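Data file: model.csv. Format and content: CSV, C-alpha atoms and all ligand atoms.
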```csv
chain,number,residue,atom,x,y,z
H,278,MET,CA,-50.0,-12.6,2.4
H,279,HIS,CA,-46.7,-10.9,2.9
H,280,VAL,CA,-45.2,-8.9,0.0
H,281,ASP,CA,-41.8,-7.5,0.4
H,282,ARG,CA,-41.6,-3.7,0.3
H,283,TYR,CA,-39.4,-3.5,-2.8
H,284,GLU,CA,-41.5,-6.1,-4.6
H,285,ARG,CA,-44.6,-4.0,-3.8
H,286,TYR,CA,-42.8,-0.9,-5.2
H,287,TRP,CA,-42.0,-2.7,-8.4
H,288,MET,CA,-45.5,-4.0,-8.7
H,289,TRP,CA,-46.9,-0.5,-8.5
H,290,ALA,CA,-44.3,0.8,-10.9
H,291,ALA,CA,-45.2,-1.9,-13.5
H,292,THR,CA,-48.9,-1.2,-13.0
H,293,GLY,CA,-48.3,2.5,-13.4
H,294,MET,CA,-46.3,1.9,-16.6
H,295,LEU,CA,-49.1,-0.3,-18.0
H,296,ALA,CA,-51.7,2.4,-17.3
H,297,LEU,CA,-49.4,5.1,-18.8
H,298,PHE,CA,-48.8,3.1,-22.0
H,299,LEU,CA,-52.5,2.1,-22.4
H,300,GLY,CA,-53.5,5.7,-21.8
H,301,ALA,CA,-51.1,6.9,-24.4
H,302,ILE,CA,-52.6,4.4,-27.0
H,303,VAL,CA,-56.1,5.5,-26.2
H,304,LEU,CA,-55.2,9.2,-26.2
H,305,THR,CA,-53.4,9.0,-29.6
H,306,ALA,CA,-56.1,6.9,-31.1
H,307,ILE,CA,-58.8,9.4,-30.1
H,308,ALA,CA,-56.6,12.5,-31.0
H,309,GLY,CA,-55.6,11.0,-34.3
H,310,SER,CA,-59.0,9.6,-35.1
H,311,ALA,CA,-57.5,6.2,-35.6
H,312,HIS,CA,-60.0,3.5,-36.4
H,313,PRO,CA,-60.0,0.0,-38.0
H,314,ALA,CA,-60.8,-0.4,-41.6
H,315,SER,CA,-64.4,0.6,-42.2
H,316,HIS,CA,-64.9,-1.3,-45.4
H,317,VAL,CA,-65.0,-5.0,-44.8
H,318,GLU,CA,-66.4,-7.0,-47.7
H,319,THR,CA,-65.5,-10.5,-48.5
H,320,VAL,CA,-65.4,-12.5,-51.7
H,321,ASP,CA,-64.6,-16.1,-52.6
H,322,PRO,CA,-61.1,-16.0,-54.1
H,323,GLU,CA,-61.7,-19.4,-55.8
H,324,THR,CA,-64.7,-18.3,-57.9
H,325,LEU,CA,-64.1,-14.6,-58.5
H,326,HIS,CA,-62.6,-15.4,-61.9
H,327,VAL,CA,-65.9,-16.9,-63.1
H,328,THR,CA,-68.7,-15.1,-61.3
H,329,GLY,CA,-69.5,-11.7,-60.0
H,330,GLU,CA,-68.1,-8.3,-60.8
H,331,PHE,CA,-64.4,-9.4,-60.6
H,332,ALA,CA,-64.9,-11.9,-63.5
H,333,THR,CA,-65.1,-8.9,-65.8
H,334,PRO,CA,-62.8,-6.2,-64.4
H,335,GLY,CA,-63.0,-2.8,-65.9
H,336,VAL,CA,-64.1,0.8,-65.6
H,337,THR,CA,-67.8,1.8,-65.4
H,338,VAL,CA,-69.3,5.2,-65.2
H,339,ARG,CA,-71.9,5.7,-62.4
H,340,PRO,CA,-75.1,7.7,-62.9
H,341,ASP,CA,-73.7,10.4,-60.7
H,342,GLY,CA,-70.7,10.9,-63.1
H,343,GLY,CA,-68.2,9.1,-60.8
H,344,VAL,CA,-66.3,6.1,-61.9
H,345,THR,CA,-66.0,2.7,-60.5
H,346,VAL,CA,-62.9,0.6,-61.3
H,347,VAL,CA,-63.2,-3.1,-60.6
H,348,MET,CA,-59.8,-4.8,-60.5
H,349,ARG,CA,-58.0,-8.0,-59.8
H,350,ALA,CA,-54.4,-8.1,-58.5
H,351,GLU,CA,-53.0,-11.5,-59.3
H,352,PHE,CA,-49.7,-13.2,-60.2
H,353,TYR,CA,-48.0,-10.8,-61.6
H,354,VAL,CA,-50.4,-8.4,-63.2
H,355,PHE,CA,-53.2,-6.0,-62.5
H,356,ARG,CA,-56.4,-6.6,-64.5
H,357,PRO,CA,-57.0,-4.3,-66.2
H,358,GLU,CA,-53.4,-3.2,-66.6
H,359,VAL,CA,-54.2,0.2,-68.1
H,360,ILE,CA,-57.1,2.2,-66.5
H,361,ARG,CA,-58.5,5.3,-68.1
H,362,VAL,CA,-60.4,7.6,-65.8
H,363,PRO,CA,-61.6,11.2,-66.0
H,364,ALA,CA,-60.0,14.1,-64.1
H,365,GLY,CA,-62.0,15.9,-61.4
H,366,ARG,CA,-64.5,13.1,-60.8
H,367,PRO,CA,-64.6,10.7,-57.9
H,368,VAL,CA,-63.0,7.4,-58.8
H,369,THR,CA,-63.7,4.3,-56.7
H,370,PHE,CA,-61.2,1.4,-56.9
H,371,ARG,CA,-62.6,-2.0,-55.9
H,372,ILE,CA,-59.8,-4.6,-55.9
H,373,THR,CA,-59.3,-8.1,-54.7
H,374,SER,CA,-56.8,-11.0,-55.2
H,375,PRO,CA,-57.5,-14.6,-56.2
H,376,ASP,CA,-54.1,-15.8,-55.0
H,377,VAL,CA,-51.8,-14.1,-52.4
H,378,LEU,CA,-51.3,-10.8,-50.8
H,379,HIS,CA,-50.6,-7.9,-53.2
H,380,GLY,CA,-50.3,-4.2,-52.9
H,381,PHE,CA,-52.0,-1.5,-55.0
H,382,GLN,CA,-50.2,1.8,-54.9
H,383,ILE,CA,-50.7,4.7,-57.3
H,384,VAL,CA,-47.4,6.4,-57.2
H,385,GLY,CA,-47.6,10.1,-56.6
H,386,THR,CA,-51.0,9.9,-54.9
H,387,ASN,CA,-52.1,8.8,-51.4
H,388,VAL,CA,-53.9,5.7,-52.8
H,389,ASN,CA,-52.2,2.7,-51.2
H,390,LEU,CA,-54.1,-0.5,-50.5
H,391,THR,CA,-53.3,-3.9,-49.3
H,392,VAL,CA,-55.1,-6.5,-51.4
H,393,ALA,CA,-55.8,-9.6,-49.5
H,394,PRO,CA,-57.4,-12.7,-51.0
H,395,GLY,CA,-60.9,-13.1,-49.8
H,396,TYR,CA,-61.4,-9.4,-49.2
H,397,VAL,CA,-62.5,-6.4,-51.3
H,398,SER,CA,-60.3,-3.4,-50.8
H,399,GLU,CA,-61.9,-0.1,-51.7
H,400,VAL,CA,-60.8,3.5,-51.9
H,401,THR,CA,-62.2,6.6,-53.5
H,402,THR,CA,-60.1,9.4,-54.8
H,403,THR,CA,-60.2,12.2,-57.3
H,404,PHE,CA,-57.5,13.0,-59.7
H,405,ALA,CA,-57.2,16.8,-60.0
H,406,ARG,CA,-55.3,16.9,-63.3
H,407,PRO,CA,-54.9,14.8,-66.4
H,408,GLY,CA,-51.7,12.7,-66.5
H,409,GLU,CA,-50.3,9.2,-66.2
H,410,TYR,CA,-49.7,7.5,-63.0
H,411,LEU,CA,-47.7,4.4,-62.3
H,412,VAL,CA,-49.4,1.6,-60.3
H,413,VAL,CA,-47.1,-0.8,-58.4
H,414,CYS,CA,-47.5,-3.8,-56.2
H,415,ASN,CA,-45.8,-3.0,-52.9
H,416,GLU,CA,-46.3,-6.3,-51.1
H,417,TYR,CA,-43.8,-8.9,-52.0
H,418,CYS,CA,-45.9,-11.6,-53.8
H,419,GLY,CA,-43.4,-13.8,-55.5
H,420,LEU,CA,-40.5,-14.1,-57.9
H,421,ALA,CA,-41.9,-11.7,-60.5
H,422,HIS,CA,-43.2,-9.2,-58.0
H,423,HIS,CA,-40.9,-6.5,-59.4
H,424,LEU,CA,-42.6,-6.8,-62.8
H,425,MET,CA,-46.1,-6.3,-61.4
H,426,GLN,CA,-47.2,-2.8,-62.4
H,427,GLY,CA,-50.0,-1.0,-64.2
H,428,LYS,CA,-51.0,2.5,-65.3
H,429,VAL,CA,-53.7,4.9,-64.6
H,430,ILE,CA,-54.3,7.4,-67.3
H,431,VAL,CA,-56.3,10.4,-66.2
H,432,GLU,CA,-57.9,12.1,-69.1
H,433,ALA,CA,-59.5,15.6,-69.2
H,434,ALA,CA,-63.1,15.3,-68.3
H,435,PRO,CA,-65.5,15.7,-71.3
U,1,CU,CU,-46.1,-8.0,-55.6
```

With the file now loaded, output its structure as structure tokens.
Amino acid sequence: MHVDRYERYWMWAATGMLALFLGAIVLTAIAGSAHPASHVETVDPETLHVTGEFATPGVTVRPDGGVTVVMRAEFYVFRPEVIRVPAGRPVTFRITSPDVLHGFQIVGTNVNLTVAPGYVSEVTTTFARPGEYLVVCNEYCGLAHHLMQGKVIVEAAP
């Protein structure tokens, strides 16, 4: 099969660019330790109101002294809306949505989750000092999205 010289040059140039870009993706993924979400846990969004841990959202203290916060993000509220956790202890947030995509961002920290219906989003953090933190939804979820907020109150550990 005859391929024109210039066409061959461009085929090699395009192949080289593909290899270069793919190499850059692989290199930055390895160098930056990028990886897909490690926590994949599903839940039935239609029944989580009535059964399972998300039917009774709230704060529980684990035997190791850490705290687990089970939450729902739904039209247009976080449940519970006000969360009290101790400072200096690991706090694990487990959160899901029964309706649409929401966000869970604790302002002033690096806690920032996407909350998708059907999935449990989980993050563990430690609040160093007592204080109050604003929680906002940062995924547009509907007409009252701007009113969707909560509060984390970090109290001095007993
Ligand atoms: Cu929202």

Within 9 Å of (-49.4, -10.7, -52.6) (file coordinates; only C-alpha atoms), which protein or nucleic acid residues are there? I'd like them as an mmCIF file with C-alpha atoms, keeping the file's coordinate frame.
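Ended up saving to point_28.cif:
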```cif
data_model
loop_
_atom_site.group_PDB
_atom_site.id
_atom_site.type_symbol
_atom_site.label_atom_id
_atom_site.label_comp_id
_atom_site.auth_asym_id
_atom_site.auth_seq_id
_atom_site.Cartn_x
_atom_site.Cartn_y
_atom_site.Cartn_z
ATOM 1 C CA ALA H 350 -54.400 -8.100 -58.500
ATOM 2 C CA GLU H 351 -53.000 -11.500 -59.300
ATOM 3 C CA PHE H 352 -49.700 -13.200 -60.200
ATOM 4 C CA SER H 374 -56.800 -11.000 -55.200
ATOM 5 C CA ASP H 376 -54.100 -15.800 -55.000
ATOM 6 C CA VAL H 377 -51.800 -14.100 -52.400
ATOM 7 C CA LEU H 378 -51.300 -10.800 -50.800
ATOM 8 C CA HIS H 379 -50.600 -7.900 -53.200
ATOM 9 C CA GLY H 380 -50.300 -4.200 -52.900
ATOM 10 C CA THR H 391 -53.300 -3.900 -49.300
ATOM 11 C CA VAL H 392 -55.100 -6.500 -51.400
ATOM 12 C CA ALA H 393 -55.800 -9.600 -49.500
ATOM 13 C CA PRO H 394 -57.400 -12.700 -51.000
ATOM 14 C CA CYS H 414 -47.500 -3.800 -56.200
ATOM 15 C CA ASN H 415 -45.800 -3.000 -52.900
ATOM 16 C CA GLU H 416 -46.300 -6.300 -51.100
ATOM 17 C CA TYR H 417 -43.800 -8.900 -52.000
ATOM 18 C CA CYS H 418 -45.900 -11.600 -53.800
ATOM 19 C CA GLY H 419 -43.400 -13.800 -55.500
ATOM 20 C CA HIS H 422 -43.200 -9.200 -58.000
#
```

May I ask for the distance between CA of Tyr396 (chain H) and CA of Val384 (chain H), given in Å to one decimal place?
22.6 Å

Length of the CA of Lys428 (chain H) to CA of Ala332 (chain H) vector [Å]
20.1 Å

Give me the residues within 9 Å of region 333-342 of chain H as a PyMOL selection string, counting all atoms listed in the file and dropping any in the same chain fewer than 2 places off.
chain H and resi 326-331+344-349+356-357+360-362+366-367

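Interatomic distance, CA of Val388 (chain H) against CA of Thr403 (chain H): 10.1 Å.
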
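The residue that comes closest to ligand CU 1 (chain U), out of H:Leu297, H:Ala291, H:Val413, H:Ala306 and on the basis of all atoms listed in the file, is H:Val413.
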
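Distance annotation: of H:Arg371, H:Gly343, H:Val431, H:Ala364, the residue with the minimal separation from Ala405 (chain H) is H:Ala364; atom set is all atoms listed in the file.
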
Show me, as a PyMOL selection string, the residues that have an atom within 8 Å of Thr319 (chain H) when counting all atoms listed in the file, minus same-chain residues fewer than 2 positions from it.
chain H and resi 317+321+395-397

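Restricting the calculation to only C-alpha atoms and all ligand atoms, the smallest distance between ligand CU 1 (chain U) and any of H:Leu390, H:Tyr353, H:Thr305, H:Tyr283 is found for H:Tyr353.
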
Shell around Gly385 (chain H) at 12 Å using all atoms listed in the file, local window under 5 positions removed, as a ChimeraX atom specification
/H:404,408-413,429

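Ranking H:Phe355, H:Thr369, H:Arg406, H:Ile430 by their shortest atom-to-atom distance to ligand CU 1 (chain U), with only C-alpha atoms and all ligand atoms included, puts H:Phe355 first.
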
Which of H:Val400, H:Ala311, H:Leu304, H:Val354 sits closest to ligand CU 1 (chain U) [using only C-alpha atoms and all ligand atoms]:
H:Val354
